[in-house]
Every structure is written in C-alpha cells, then in structure tokens.
>>> print(open('final-v3.cif').read())   # mmCIF, C-alpha atoms and all ligand atoms
data_coords
loop_
_atom_site.group_PDB
_atom_site.id
_atom_site.type_symbol
_atom_site.label_atom_id
_atom_site.label_comp_id
_atom_site.auth_asym_id
_atom_site.auth_seq_id
_atom_site.Cartn_x
_atom_site.Cartn_y
_atom_site.Cartn_z
ATOM 1 C CA MET M 3 95.330 88.349 97.097
ATOM 2 C CA SER M 4 97.931 90.810 98.371
ATOM 3 C CA ALA M 5 98.276 91.412 102.101
ATOM 4 C CA THR M 6 96.421 94.286 103.722
ATOM 5 C CA LEU M 7 98.413 97.051 105.411
ATOM 6 C CA LEU M 8 95.613 99.392 106.483
ATOM 7 C CA SER M 9 92.017 98.521 107.061
ATOM 8 C CA VAL M 10 89.297 101.030 107.821
ATOM 9 C CA GLU M 11 86.089 99.490 109.075
ATOM 10 C CA ASP M 12 82.693 101.119 109.323
ATOM 11 C CA LEU M 13 84.349 104.436 110.212
ATOM 12 C CA THR M 14 81.895 107.119 111.317
ATOM 13 C CA VAL M 15 82.329 110.571 112.804
ATOM 14 C CA ARG M 16 79.706 113.125 113.697
ATOM 15 C CA PHE M 17 80.390 116.798 114.371
ATOM 16 C CA GLY M 18 77.233 118.004 116.113
ATOM 17 C CA GLY M 19 74.461 117.363 113.606
ATOM 18 C CA LEU M 20 76.810 116.731 110.671
ATOM 19 C CA THR M 21 77.867 113.176 109.841
ATOM 20 C CA ALA M 22 81.192 113.899 108.105
ATOM 21 C CA LEU M 23 82.000 110.213 107.633
ATOM 22 C CA SER M 24 79.367 107.532 107.587
ATOM 23 C CA GLY M 25 80.188 103.819 107.843
ATOM 24 C CA VAL M 26 83.210 103.947 105.522
ATOM 25 C CA THR M 27 85.036 100.656 104.938
ATOM 26 C CA PHE M 28 88.071 100.045 102.736
ATOM 27 C CA CYS M 29 91.404 98.207 102.728
ATOM 28 C CA VAL M 30 94.781 99.392 101.465
ATOM 29 C CA ALA M 31 97.006 96.592 100.153
ATOM 30 C CA LYS M 32 100.701 96.492 101.068
ATOM 31 C CA GLY M 33 102.790 98.195 98.407
ATOM 32 C CA ALA M 34 99.800 99.792 96.651
ATOM 33 C CA VAL M 35 99.060 103.382 95.751
ATOM 34 C CA HIS M 36 95.451 103.712 96.887
ATOM 35 C CA GLY M 37 93.431 106.774 95.895
ATOM 36 C CA LEU M 38 90.740 108.397 98.043
ATOM 37 C CA ILE M 39 88.717 110.797 95.903
ATOM 38 C CA GLY M 40 85.442 112.688 95.905
ATOM 39 C CA PRO M 41 83.979 116.195 95.749
ATOM 40 C CA ASN M 42 84.820 119.018 98.167
ATOM 41 C CA GLY M 43 83.466 118.229 101.613
ATOM 42 C CA ALA M 44 83.154 114.499 100.851
ATOM 43 C CA GLY M 45 85.130 113.593 103.994
ATOM 44 C CA LYS M 46 88.592 112.771 102.571
ATOM 45 C CA THR M 47 90.619 114.943 104.971
ATOM 46 C CA THR M 48 88.336 113.867 107.799
ATOM 47 C CA ALA M 49 89.213 110.245 106.965
ATOM 48 C CA PHE M 50 92.940 111.155 107.162
ATOM 49 C CA ASN M 51 92.351 112.867 110.516
ATOM 50 C CA LEU M 52 90.650 109.757 111.891
ATOM 51 C CA ILE M 53 93.222 107.317 110.493
ATOM 52 C CA SER M 54 96.120 109.383 111.858
ATOM 53 C CA GLY M 55 94.446 109.844 115.249
ATOM 54 C CA MET M 56 94.025 113.626 115.092
ATOM 55 C CA THR M 57 90.264 113.266 115.414
ATOM 56 C CA ALA M 58 88.467 110.552 117.401
ATOM 57 C CA GLN M 59 85.860 108.580 115.518
ATOM 58 C CA THR M 60 82.289 108.221 116.750
ATOM 59 C CA SER M 61 82.375 104.522 115.806
ATOM 60 C CA GLY M 62 84.254 102.060 113.647
ATOM 61 C CA SER M 63 87.908 101.104 113.680
ATOM 62 C CA VAL M 64 91.308 101.533 112.029
ATOM 63 C CA THR M 65 93.749 98.619 111.823
ATOM 64 C CA LEU M 66 97.397 98.711 110.721
ATOM 65 C CA GLU M 67 99.136 95.395 110.042
ATOM 66 C CA GLY M 68 96.451 93.537 111.941
ATOM 67 C CA ALA M 69 96.681 95.703 115.102
ATOM 68 C CA LYS M 70 93.809 97.993 116.077
ATOM 69 C CA LEU M 71 94.863 101.635 116.516
ATOM 70 C CA ASP M 72 91.657 102.945 118.079
ATOM 71 C CA GLY M 73 92.353 105.257 121.011
ATOM 72 C CA LEU M 74 96.068 105.592 120.235
ATOM 73 C CA PRO M 75 97.422 109.157 120.007
ATOM 74 C CA THR M 76 98.975 110.393 116.766
ATOM 75 C CA TRP M 77 102.601 109.945 117.919
ATOM 76 C CA LYS M 78 102.015 106.273 118.727
ATOM 77 C CA ARG M 79 100.488 105.745 115.287
ATOM 78 C CA THR M 80 103.561 107.425 113.784
ATOM 79 C CA ALA M 81 105.746 105.022 115.742
ATOM 80 C CA ARG M 82 103.655 102.118 114.374
ATOM 81 C CA GLY M 83 104.504 103.251 110.843
ATOM 82 C CA MET M 84 102.096 105.840 109.488
ATOM 83 C CA ALA M 85 102.891 109.377 108.361
ATOM 84 C CA ARG M 86 100.883 112.046 106.588
ATOM 85 C CA THR M 87 101.099 115.399 104.885
ATOM 86 C CA PHE M 88 98.520 118.163 105.134
ATOM 87 C CA GLN M 89 96.231 119.780 102.588
ATOM 88 C CA ASN M 90 97.529 123.163 103.785
ATOM 89 C CA ILE M 91 101.305 122.939 104.095
ATOM 90 C CA ARG M 92 102.481 122.669 107.689
ATOM 91 C CA MET M 93 106.142 123.227 108.374
ATOM 92 C CA PHE M 94 108.537 125.230 110.524
ATOM 93 C CA ARG M 95 108.946 128.158 108.170
ATOM 94 C CA GLU M 96 111.875 129.671 110.086
ATOM 95 C CA MET M 97 113.798 126.397 110.216
ATOM 96 C CA THR M 98 115.955 125.131 107.366
ATOM 97 C CA ALA M 99 114.763 122.350 105.077
ATOM 98 C CA LEU M 100 117.247 120.021 106.800
ATOM 99 C CA GLU M 101 115.981 120.958 110.275
ATOM 100 C CA ASN M 102 112.386 120.412 109.135
ATOM 101 C CA VAL M 103 113.220 116.868 108.031
ATOM 102 C CA MET M 104 115.160 116.189 111.244
ATOM 103 C CA ALA M 105 112.153 117.363 113.265
ATOM 104 C CA GLY M 106 110.102 114.719 111.466
ATOM 105 C CA ALA M 107 112.613 112.063 112.477
ATOM 106 C CA HIS M 108 112.892 112.811 116.196
ATOM 107 C CA LEU M 109 110.643 109.894 117.067
ATOM 108 C CA ARG M 110 113.174 107.496 115.660
ATOM 109 C CA THR M 111 116.166 108.862 117.570
ATOM 110 C CA PRO M 112 116.132 106.719 120.717
ATOM 111 C CA GLU M 113 118.071 109.080 122.971
ATOM 112 C CA SER M 114 117.302 109.679 126.619
ATOM 113 C CA PHE M 115 116.660 113.162 127.941
ATOM 114 C CA GLY M 116 119.867 112.918 130.016
ATOM 115 C CA SER M 117 122.182 112.311 127.091
ATOM 116 C CA ILE M 118 120.566 115.127 125.132
ATOM 117 C CA LEU M 119 121.080 117.436 128.106
ATOM 118 C CA PHE M 120 124.749 116.630 128.553
ATOM 119 C CA ARG M 121 125.551 116.101 124.907
ATOM 120 C CA LEU M 122 127.240 112.787 125.555
ATOM 121 C CA GLY M 123 129.144 111.082 122.783
ATOM 122 C CA SER M 124 126.328 108.675 122.005
ATOM 123 C CA PHE M 125 124.039 111.575 121.278
ATOM 124 C CA ARG M 126 126.545 113.272 119.022
ATOM 125 C CA ALA M 127 126.886 110.041 117.052
ATOM 126 C CA ALA M 128 123.115 109.727 116.819
ATOM 127 C CA GLU M 129 122.841 113.353 115.755
ATOM 128 C CA ARG M 130 125.434 112.858 113.033
ATOM 129 C CA SER M 131 123.560 109.883 111.661
ATOM 130 C CA ALA M 132 120.284 111.842 111.932
ATOM 131 C CA VAL M 133 121.815 114.595 109.771
ATOM 132 C CA ALA M 134 123.081 112.038 107.235
ATOM 133 C CA ASN M 135 119.686 110.342 107.178
ATOM 134 C CA ALA M 136 117.842 113.639 106.688
ATOM 135 C CA MET M 137 120.246 114.581 103.877
ATOM 136 C CA ASP M 138 119.567 111.237 102.166
ATOM 137 C CA ILE M 139 115.830 111.920 102.324
ATOM 138 C CA LEU M 140 116.259 115.460 100.958
ATOM 139 C CA ASP M 141 118.341 113.998 98.152
ATOM 140 C CA PHE M 142 115.639 111.412 97.410
ATOM 141 C CA VAL M 143 112.937 114.088 97.038
ATOM 142 C CA GLY M 144 115.292 116.304 94.995
ATOM 143 C CA LEU M 145 115.920 118.998 97.627
ATOM 144 C CA SER M 146 119.521 118.365 98.698
ATOM 145 C CA GLU M 147 120.644 121.702 97.279
ATOM 146 C CA GLN M 148 117.989 123.492 99.321
ATOM 147 C CA ALA M 149 119.006 121.862 102.636
ATOM 148 C CA GLU M 150 120.214 125.068 104.302
ATOM 149 C CA ARG M 151 117.422 127.331 103.037
ATOM 150 C CA ARG M 152 114.540 128.342 105.303
ATOM 151 C CA GLY M 153 111.459 126.210 104.658
ATOM 152 C CA GLY M 154 109.356 129.335 104.210
ATOM 153 C CA ASP M 155 111.702 130.638 101.475
ATOM 154 C CA LEU M 156 111.358 127.569 99.251
ATOM 155 C CA ALA M 157 109.296 127.655 96.066
ATOM 156 C CA TYR M 158 105.769 126.366 96.573
ATOM 157 C CA GLY M 159 106.357 123.021 94.817
ATOM 158 C CA ASP M 160 109.528 122.506 96.883
ATOM 159 C CA GLN M 161 107.599 123.202 100.099
ATOM 160 C CA ARG M 162 105.170 120.452 99.117
ATOM 161 C CA ARG M 163 108.093 118.080 98.579
ATOM 162 C CA LEU M 164 109.662 119.140 101.868
ATOM 163 C CA GLU M 165 106.432 118.086 103.595
ATOM 164 C CA ILE M 166 106.793 114.661 102.022
ATOM 165 C CA ALA M 167 110.453 114.527 103.126
ATOM 166 C CA ARG M 168 109.432 115.426 106.681
ATOM 167 C CA ALA M 169 106.849 112.644 106.674
ATOM 168 C CA LEU M 170 109.376 110.151 105.254
ATOM 169 C CA ALA M 171 111.787 110.946 108.083
ATOM 170 C CA SER M 172 109.686 108.923 110.534
ATOM 171 C CA ASP M 173 110.373 105.894 108.299
ATOM 172 C CA PRO M 174 106.703 105.055 107.640
ATOM 173 C CA LYS M 175 105.185 101.957 106.074
ATOM 174 C CA LEU M 176 102.105 103.937 105.081
ATOM 175 C CA LEU M 177 102.392 107.471 103.714
ATOM 176 C CA MET M 178 99.168 109.466 103.435
ATOM 177 C CA LEU M 179 99.287 112.466 101.089
ATOM 178 C CA ASP M 180 96.470 115.037 101.239
ATOM 179 C CA GLU M 181 96.351 116.847 97.869
ATOM 180 C CA PRO M 182 100.118 116.791 97.227
ATOM 181 C CA ALA M 183 99.732 118.223 93.701
ATOM 182 C CA ALA M 184 97.448 121.115 94.694
ATOM 183 C CA GLY M 185 98.762 124.411 93.301
ATOM 184 C CA MET M 186 101.632 122.744 91.437
ATOM 185 C CA ASN M 187 102.464 123.657 87.851
ATOM 186 C CA PRO M 188 102.541 120.888 85.192
ATOM 187 C CA SER M 189 106.304 120.273 85.433
ATOM 188 C CA GLU M 190 106.174 120.120 89.260
ATOM 189 C CA LYS M 191 103.334 117.584 88.907
ATOM 190 C CA ILE M 192 105.435 115.405 86.594
ATOM 191 C CA GLY M 193 108.251 115.512 89.172
ATOM 192 C CA LEU M 194 105.789 114.511 91.902
ATOM 193 C CA ILE M 195 104.450 111.581 89.863
ATOM 194 C CA ASP M 196 108.035 110.380 89.471
ATOM 195 C CA LEU M 197 108.698 110.804 93.217
ATOM 196 C CA ILE M 198 105.581 108.814 94.179
ATOM 197 C CA ALA M 199 106.489 106.074 91.688
ATOM 198 C CA ARG M 200 109.994 105.853 93.221
ATOM 199 C CA LEU M 201 108.513 105.641 96.734
ATOM 200 C CA ARG M 202 106.256 102.817 95.627
ATOM 201 C CA ALA M 203 109.218 101.060 93.995
ATOM 202 C CA ARG M 204 110.920 101.149 97.421
ATOM 203 C CA GLY M 205 108.005 99.234 98.918
ATOM 204 C CA LEU M 206 106.162 102.122 100.568
ATOM 205 C CA THR M 207 102.352 101.982 100.632
ATOM 206 C CA LEU M 208 100.560 105.216 99.762
ATOM 207 C CA LEU M 209 97.086 106.569 100.439
ATOM 208 C CA LEU M 210 96.521 109.516 98.142
ATOM 209 C CA VAL M 211 93.865 112.241 98.251
ATOM 210 C CA GLU M 212 93.943 114.358 95.110
ATOM 211 C CA HIS M 213 91.578 116.282 92.834
ATOM 212 C CA ASP M 214 93.769 116.090 89.705
ATOM 213 C CA MET M 215 92.180 113.055 88.067
ATOM 214 C CA HIS M 216 94.910 112.505 85.465
ATOM 215 C CA PHE M 217 97.400 112.380 88.334
ATOM 216 C CA VAL M 218 95.197 109.965 90.331
ATOM 217 C CA MET M 219 94.393 107.666 87.401
ATOM 218 C CA LYS M 220 98.043 107.471 86.391
ATOM 219 C CA LEU M 221 99.353 106.515 89.843
ATOM 220 C CA CYS M 222 96.666 104.554 91.644
ATOM 221 C CA ASP M 223 96.227 100.789 91.721
ATOM 222 C CA ARG M 224 92.864 101.110 93.402
ATOM 223 C CA ILE M 225 90.523 103.987 94.190
ATOM 224 C CA THR M 226 87.855 104.526 96.839
ATOM 225 C CA VAL M 227 85.281 107.233 96.112
ATOM 226 C CA LEU M 228 83.510 109.214 98.832
ATOM 227 C CA ASN M 229 80.489 111.474 98.493
ATOM 228 C CA PHE M 230 78.753 113.216 101.420
ATOM 229 C CA GLY M 231 80.791 111.124 103.868
ATOM 230 C CA ALA M 232 79.831 107.746 102.394
ATOM 231 C CA LYS M 233 81.653 105.371 100.078
ATOM 232 C CA ILE M 234 79.934 105.334 96.695
ATOM 233 C CA ALA M 235 82.388 103.266 94.631
ATOM 234 C CA GLU M 236 85.678 101.404 94.683
ATOM 235 C CA GLY M 237 87.811 99.670 92.099
ATOM 236 C CA ALA M 238 90.619 99.935 89.601
ATOM 237 C CA PRO M 239 90.994 103.343 87.869
ATOM 238 C CA ALA M 240 89.310 102.140 84.660
ATOM 239 C CA GLU M 241 86.280 100.860 86.592
ATOM 240 C CA VAL M 242 85.965 104.004 88.697
ATOM 241 C CA ARG M 243 86.148 106.451 85.800
ATOM 242 C CA ALA M 244 83.461 104.495 83.923
ATOM 243 C CA ASN M 245 81.150 104.231 86.938
ATOM 244 C CA PRO M 246 77.967 106.288 86.271
ATOM 245 C CA THR M 247 77.499 107.079 89.990
ATOM 246 C CA VAL M 248 81.044 108.494 90.192
ATOM 247 C CA ILE M 249 80.590 110.459 86.969
ATOM 248 C CA GLU M 250 77.384 111.968 88.258
ATOM 249 C CA ALA M 251 78.630 112.760 91.782
ATOM 250 C CA TYR M 252 82.128 113.928 90.958
ATOM 251 C CA LEU M 253 83.847 113.516 87.597
ATOM 252 C CA GLY M 254 81.215 114.891 85.253
ATOM 253 C CA ALA M 255 80.819 113.458 81.760
ATOM 254 C CA LYS M 256 83.448 115.742 80.224
ATOM 255 C CA VAL M 257 86.282 114.762 82.570
ATOM 256 C CA ALA M 258 85.332 111.067 82.321
ATOM 257 C CA ARG M 259 85.604 111.277 78.511
ATOM 258 C CA SER M 260 88.985 113.032 78.635
ATOM 259 C CA LEU M 261 90.280 110.367 81.059
ATOM 260 C CA GLU M 262 89.119 107.660 78.612
ATOM 261 C CA THR M 263 90.988 109.201 75.708
ATOM 262 C CA ARG M 264 94.219 109.807 77.663
ATOM 263 C CA ALA M 265 94.251 106.361 79.281
HETATM 264 N N1 LIG O 301 86.355 119.511 113.064
HETATM 265 C C1 LIG O 301 85.238 119.677 112.336
HETATM 266 N N2 LIG O 301 84.117 120.186 112.885
HETATM 267 C C2 LIG O 301 82.978 120.342 112.159
HETATM 268 N N3 LIG O 301 82.842 119.981 110.877
HETATM 269 C C3 LIG O 301 83.934 119.455 110.270
HETATM 270 C C4 LIG O 301 85.178 119.273 110.951
HETATM 271 N N4 LIG O 301 86.065 118.711 110.092
HETATM 272 C C5 LIG O 301 85.408 118.575 108.918
HETATM 273 N N5 LIG O 301 84.138 119.009 109.025
HETATM 274 C C6 LIG O 301 83.116 118.959 107.949
HETATM 275 O O1 LIG O 301 83.130 117.649 107.435
HETATM 276 C C7 LIG O 301 82.873 117.651 106.045
HETATM 277 C C8 LIG O 301 83.990 116.937 105.317
HETATM 278 O O2 LIG O 301 85.138 117.780 105.296
HETATM 279 P P1 LIG O 301 86.540 117.315 104.742
HETATM 280 O O3 LIG O 301 87.498 118.413 105.049
HETATM 281 O O4 LIG O 301 86.869 115.971 105.247
HETATM 282 O O5 LIG O 301 86.266 117.244 103.176
HETATM 283 P P2 LIG O 301 87.259 116.896 101.982
HETATM 284 O O6 LIG O 301 86.699 115.715 101.288
HETATM 285 O O7 LIG O 301 88.651 116.805 102.482
HETATM 286 O O8 LIG O 301 87.068 118.178 101.021
HETATM 287 P P3 LIG O 301 88.141 119.003 100.135
HETATM 288 O O9 LIG O 301 88.246 118.268 98.841
HETATM 289 O O10 LIG O 301 87.484 120.333 99.958
HETATM 290 O O11 LIG O 301 89.414 119.076 100.914
HETATM 291 C C9 LIG O 301 82.710 119.110 105.634
HETATM 292 O O12 LIG O 301 81.335 119.412 105.611
HETATM 293 C C10 LIG O 301 83.413 119.848 106.763
HETATM 294 O O13 LIG O 301 82.916 121.140 106.913
HETATM 295 MG MG MG O 302 90.347 117.880 102.190
#
>>> encode(input="final-v3.cif", output="structure tokens")
Amino acid sequence: MSATLLSVEDLTVRFGGLTALSGVTFCVAKGAVHGLIGPNGAGKTTAFNLISGMTAQTSGSVTLEGAKLDGLPTWKRTARGMARTFQNIRMFREMTALENVMAGAHLRTPESFGSILFRLGSFRAAERSAVANAMDILDFVGLSEQAERRGGDLAYGDQRRLEIARALASDPKLLMLDEPAAGMNPSEKIGLIDLIARLRARGLTLLLVEHDMHFVMKLCDRITVLNFGAKIAEGAPAEVRANPTVIEAYLGAKVARSLETRA
C-alpha cells in the first residue's frame, strides 16, 4: 500500500436547501495522479473549494499528511503544501507572466516587512533568487519565452499553463487542477499531458478534475466519481469506465465504448 497524502472523510456541505457534497470519502496516494470526475454540478469544484479552505464544510474533515486542516484558512493550507488552479482562469492580467508566478511564490519568501520597506541587501538577494526560481518554473511549463508578456495577452492554452506555473511557485506537494484542458485544442492537450506526466515524475501528487475522458483515462492512476454530490464509484481507469453506474450517470455507452477501443 502506498502512503496517503490527502484524505477526505465524510465531507458534506449544504448551501441552504442544496446538499452540494454529501458524505464524500476518498484518499489520494502520494505520487499519484488522482482523477475526480462526474457530470456538471456533481460537486467537483465544490470539493476543491472545501479541500483548499475557500468554503467551510458543514461536516467531515480534510487531512494532509496526517494533519487535520479543518478550520485553517487557505493561505495556511498553501503553506502546508497544497495549491490549486481554477476552472475559470484567475490571474493578474496586467502583470507579466513572470510577475504572476512570483506572486504565487510570495508565501515562500520569508522576508520581514521591514526589510521589504528598506530594500536591505537580504531582500535583494531573496528577490533575485525569487526571479530565478520563477524563471525555472516558467521554463518547466514551456513559457520562458513569454516571461515578459502580460498574462492577459497570452494565448488561451498558455494562460492555462501560467496558472499551473503560479500554483507551482508555492512549492506544493499536492497540486489540484480544475479542468486544466478545458478549451484547449488537441495539440495544447498533448502538451498538457506531457507537463502533468513530468510533474508526476518529479514526485508531485495531483488531483485532477476534467471532463475530457481520454485525457483523464490516460493520466490517472485512480479515479473517484461523483454524481449529485455523492461518490458513486472509485477505482482504476479500466474499472471506472466499465462500471455500469458510471456509464449511466456520466459516460454514456458511446463514450465508454470509445474509451475501451482506445485503451
Ligand atoms: N457557493 C454556492 N452557493 C450555492 N450553491 C452552490 C455554491 N457552490 C456550488 N453550488 C452548487 O453546488 C452544486 C455543485 O457545483 P460544482 O460547481 O461543485 O459542480 P461541478 O461538479 O464542479 O460542475 P462542472 O463540471 O459544471 O464544473 C451545483 O448545483 C452548484 O450550483
Ligand atoms: Mg466545476
């Protein structure tokens, strides 16, 4: 058995009369790419919001490396080693790609307010290494040549990769991607599959929400399926795509057959 990095236990959230997540339990193994899939409105983004601390759960708990995170604000969870991207791209559109990545890293620059104010030597050294670090990350995601361009001016697929770079800048153990391939063309998707595989090879653990099933089945070691806020299945990709409940609730017979033939 591989060690668990993230465990989500009996997670429930109600918004007024709507139970958006209902008693959801799953574990993400260290070093795995774990998929979280299901139809529109199934509760996938809500699960990300609860795990990252942007929304408070009604009940249940979230544990990272054995430590409970319940009640911790988002920035403390980031400091503990989790980072996420958003279904709708969030970035500083007026800032350069490099500045966007550096903004994602500020948590890891242990400088006091005083040294920032007076621009002491130690801060300049830290800033230099922050620039070098951000450039390394841009290089890793394939955006080093876009470093000085405004985030908002980048091509759509590059903006999606810049979001990943920004998340990587906080040096996470767990990276949560909410529909990273949405709106990408086929060649951008192939580039993204390669990027995620390289992140995994570096030891990062990924939790991936995505509707492109070929993408999901190719990358994931394990998949959890949600429907109407509840977990309806979990297993390896081959098990999940053959599961009649998953086919009925989400995949449809046609997609399931095409996944079989391309596997
Ligand atoms: N803050 C909120 N207040 C009220 N209802 C919410 C809130 N956040 C989410 N919901 C509802 O919770 C349900 C789950 O939404 P969620 O965004 O998690 O779905 P999803 O699985 O990410 O869907 P999609 O694939 O379309 O992104 C939906 O019915 C949604 O309208
Ligand atoms: Mg969503």
>>> residues_near_ligand(input="final-v3.cif", ligand="ligand LIG 301 (chain O)", cutoff="12 Å", atoms="all atoms listed in the file", output="compact mmCIF listing (two decimals) with C-alpha atoms, keeping the file's coordinate frame")
# COMPACT_ATOMS: atom_id res chain seq x y z
CA THR M 14 81.90 107.12 111.32
CA VAL M 15 82.33 110.57 112.80
CA ARG M 16 79.71 113.12 113.70
CA PHE M 17 80.39 116.80 114.37
CA GLY M 18 77.23 118.00 116.11
CA GLY M 19 74.46 117.36 113.61
CA LEU M 20 76.81 116.73 110.67
CA THR M 21 77.87 113.18 109.84
CA ALA M 22 81.19 113.90 108.10
CA LEU M 23 82.00 110.21 107.63
CA SER M 24 79.37 107.53 107.59
CA LEU M 38 90.74 108.40 98.04
CA ILE M 39 88.72 110.80 95.90
CA GLY M 40 85.44 112.69 95.90
CA PRO M 41 83.98 116.20 95.75
CA ASN M 42 84.82 119.02 98.17
CA GLY M 43 83.47 118.23 101.61
CA ALA M 44 83.15 114.50 100.85
CA GLY M 45 85.13 113.59 103.99
CA LYS M 46 88.59 112.77 102.57
CA THR M 47 90.62 114.94 104.97
CA THR M 48 88.34 113.87 107.80
CA ALA M 49 89.21 110.24 106.96
CA PHE M 50 92.94 111.16 107.16
CA ASN M 51 92.35 112.87 110.52
CA LEU M 52 90.65 109.76 111.89
CA ILE M 53 93.22 107.32 110.49
CA MET M 56 94.02 113.63 115.09
CA THR M 57 90.26 113.27 115.41
CA ALA M 58 88.47 110.55 117.40
CA GLN M 59 85.86 108.58 115.52
CA PHE M 88 98.52 118.16 105.13
CA GLN M 89 96.23 119.78 102.59
CA ASN M 90 97.53 123.16 103.78
CA LEU M 179 99.29 112.47 101.09
CA ASP M 180 96.47 115.04 101.24
CA GLU M 181 96.35 116.85 97.87
CA PRO M 182 100.12 116.79 97.23
CA ALA M 184 97.45 121.12 94.69
CA LEU M 210 96.52 109.52 98.14
CA VAL M 211 93.86 112.24 98.25
CA GLU M 212 93.94 114.36 95.11
CA HIS M 213 91.58 116.28 92.83
CA ASP M 214 93.77 116.09 89.70
CA VAL M 227 85.28 107.23 96.11
CA LEU M 228 83.51 109.21 98.83
CA ASN M 229 80.49 111.47 98.49
CA PHE M 230 78.75 113.22 101.42
CA GLY M 231 80.79 111.12 103.87
CA ALA M 232 79.83 107.75 102.39
CA LYS M 233 81.65 105.37 100.08
CA TYR M 252 82.13 113.93 90.96
>>> resolve_selection(input="final-v3.cif", expression="the PyMOL selection byres (((chain M and resi 249) around 12) and not hetatm)", output="PDB file with C-alpha atoms, keeping the file's coordinate frame")
ATOM      1  CA  GLY M  40      85.442 112.688  95.905  1.00  0.00           C
ATOM      2  CA  PRO M  41      83.979 116.195  95.749  1.00  0.00           C
ATOM      3  CA  MET M 215      92.180 113.055  88.067  1.00  0.00           C
ATOM      4  CA  VAL M 227      85.281 107.233  96.112  1.00  0.00           C
ATOM      5  CA  ASN M 229      80.489 111.474  98.493  1.00  0.00           C
ATOM      6  CA  ILE M 234      79.934 105.334  96.695  1.00  0.00           C
ATOM      7  CA  ALA M 235      82.388 103.266  94.631  1.00  0.00           C
ATOM      8  CA  GLU M 241      86.280 100.860  86.592  1.00  0.00           C
ATOM      9  CA  VAL M 242      85.965 104.004  88.697  1.00  0.00           C
ATOM     10  CA  ARG M 243      86.148 106.451  85.800  1.00  0.00           C
ATOM     11  CA  ALA M 244      83.461 104.495  83.923  1.00  0.00           C
ATOM     12  CA  ASN M 245      81.150 104.231  86.938  1.00  0.00           C
ATOM     13  CA  PRO M 246      77.967 106.288  86.271  1.00  0.00           C
ATOM     14  CA  THR M 247      77.499 107.079  89.990  1.00  0.00           C
ATOM     15  CA  VAL M 248      81.044 108.494  90.192  1.00  0.00           C
ATOM     16  CA  GLU M 250      77.384 111.968  88.258  1.00  0.00           C
ATOM     17  CA  ALA M 251      78.630 112.760  91.782  1.00  0.00           C
ATOM     18  CA  TYR M 252      82.128 113.928  90.958  1.00  0.00           C
ATOM     19  CA  LEU M 253      83.847 113.516  87.597  1.00  0.00           C
ATOM     20  CA  GLY M 254      81.215 114.891  85.253  1.00  0.00           C
ATOM     21  CA  ALA M 255      80.819 113.458  81.760  1.00  0.00           C
ATOM     22  CA  LYS M 256      83.448 115.742  80.224  1.00  0.00           C
ATOM     23  CA  VAL M 257      86.282 114.762  82.570  1.00  0.00           C
ATOM     24  CA  ALA M 258      85.332 111.067  82.321  1.00  0.00           C
ATOM     25  CA  ARG M 259      85.604 111.277  78.511  1.00  0.00           C
ATOM     26  CA  LEU M 261      90.280 110.367  81.059  1.00  0.00           C
TER      27      LEU M 261
END
>>> atom_distance(input="final-v3.cif", atom1="atom CA of Thr207 of chain M", atom2="atom CA of Leu156 of chain M")
27.2 Å
>>> closest_residue(input="final-v3.cif", among="M:Val103, M:Leu13, M:Val218, M:Ala34", to="Arg204 of chain M", atoms="only C-alpha atoms")
M:Ala34
>>> atom_distance(input="final-v3.cif", atom1="atom CA of Leu7 of chain M", atom2="atom CA of Ile225 of chain M")
15.4 Å
>>> closest_residue(input="final-v3.cif", among="M:Ala240, M:Gly33, M:Ala132, M:Leu100", to="Arg200 of chain M", atoms="all atoms listed in the file")
M:Gly33
>>> resolve_selection(input="final-v3.cif", expression="the PyMOL selection byres (((chain M and resi 137-148) around 8) and not hetatm)", output="number ranges by chain")
M: 99-100, 103, 133-136, 149-151, 156, 160, 163-164, 166-167, 170-171, 197
>>> closest_residue(input="final-v3.cif", among="M:Asn102, M:Ser63, M:Thr80, M:Ser131", to="Ser172 of chain M", atoms="all atoms listed in the file")
M:Thr80
>>> atom_distance(input="final-v3.cif", atom1="atom CA of Met104 of chain M", atom2="atom CA of Arg79 of chain M")
18.5 Å
>>> resolve_selection(input="final-v3.cif", expression="the PyMOL selection byres (((chain M and resi 77) around 12) and not hetatm)", output="MDAnalysis selection string")
chainID M and resid 54:56 71 73:76 78:86 106:110 172
>>> closest_residue(input="final-v3.cif", among="M:Thr87, M:Pro174, M:Cys29, M:Leu66", to="ligand MG 302 (chain O)", atoms="only C-alpha atoms and all ligand atoms")
M:Thr87
>>> closest_residue(input="final-v3.cif", among="M:Asp196, M:Ala105, M:Thr6, M:Gly154", to="His36 of chain M", atoms="only C-alpha atoms")
M:Thr6
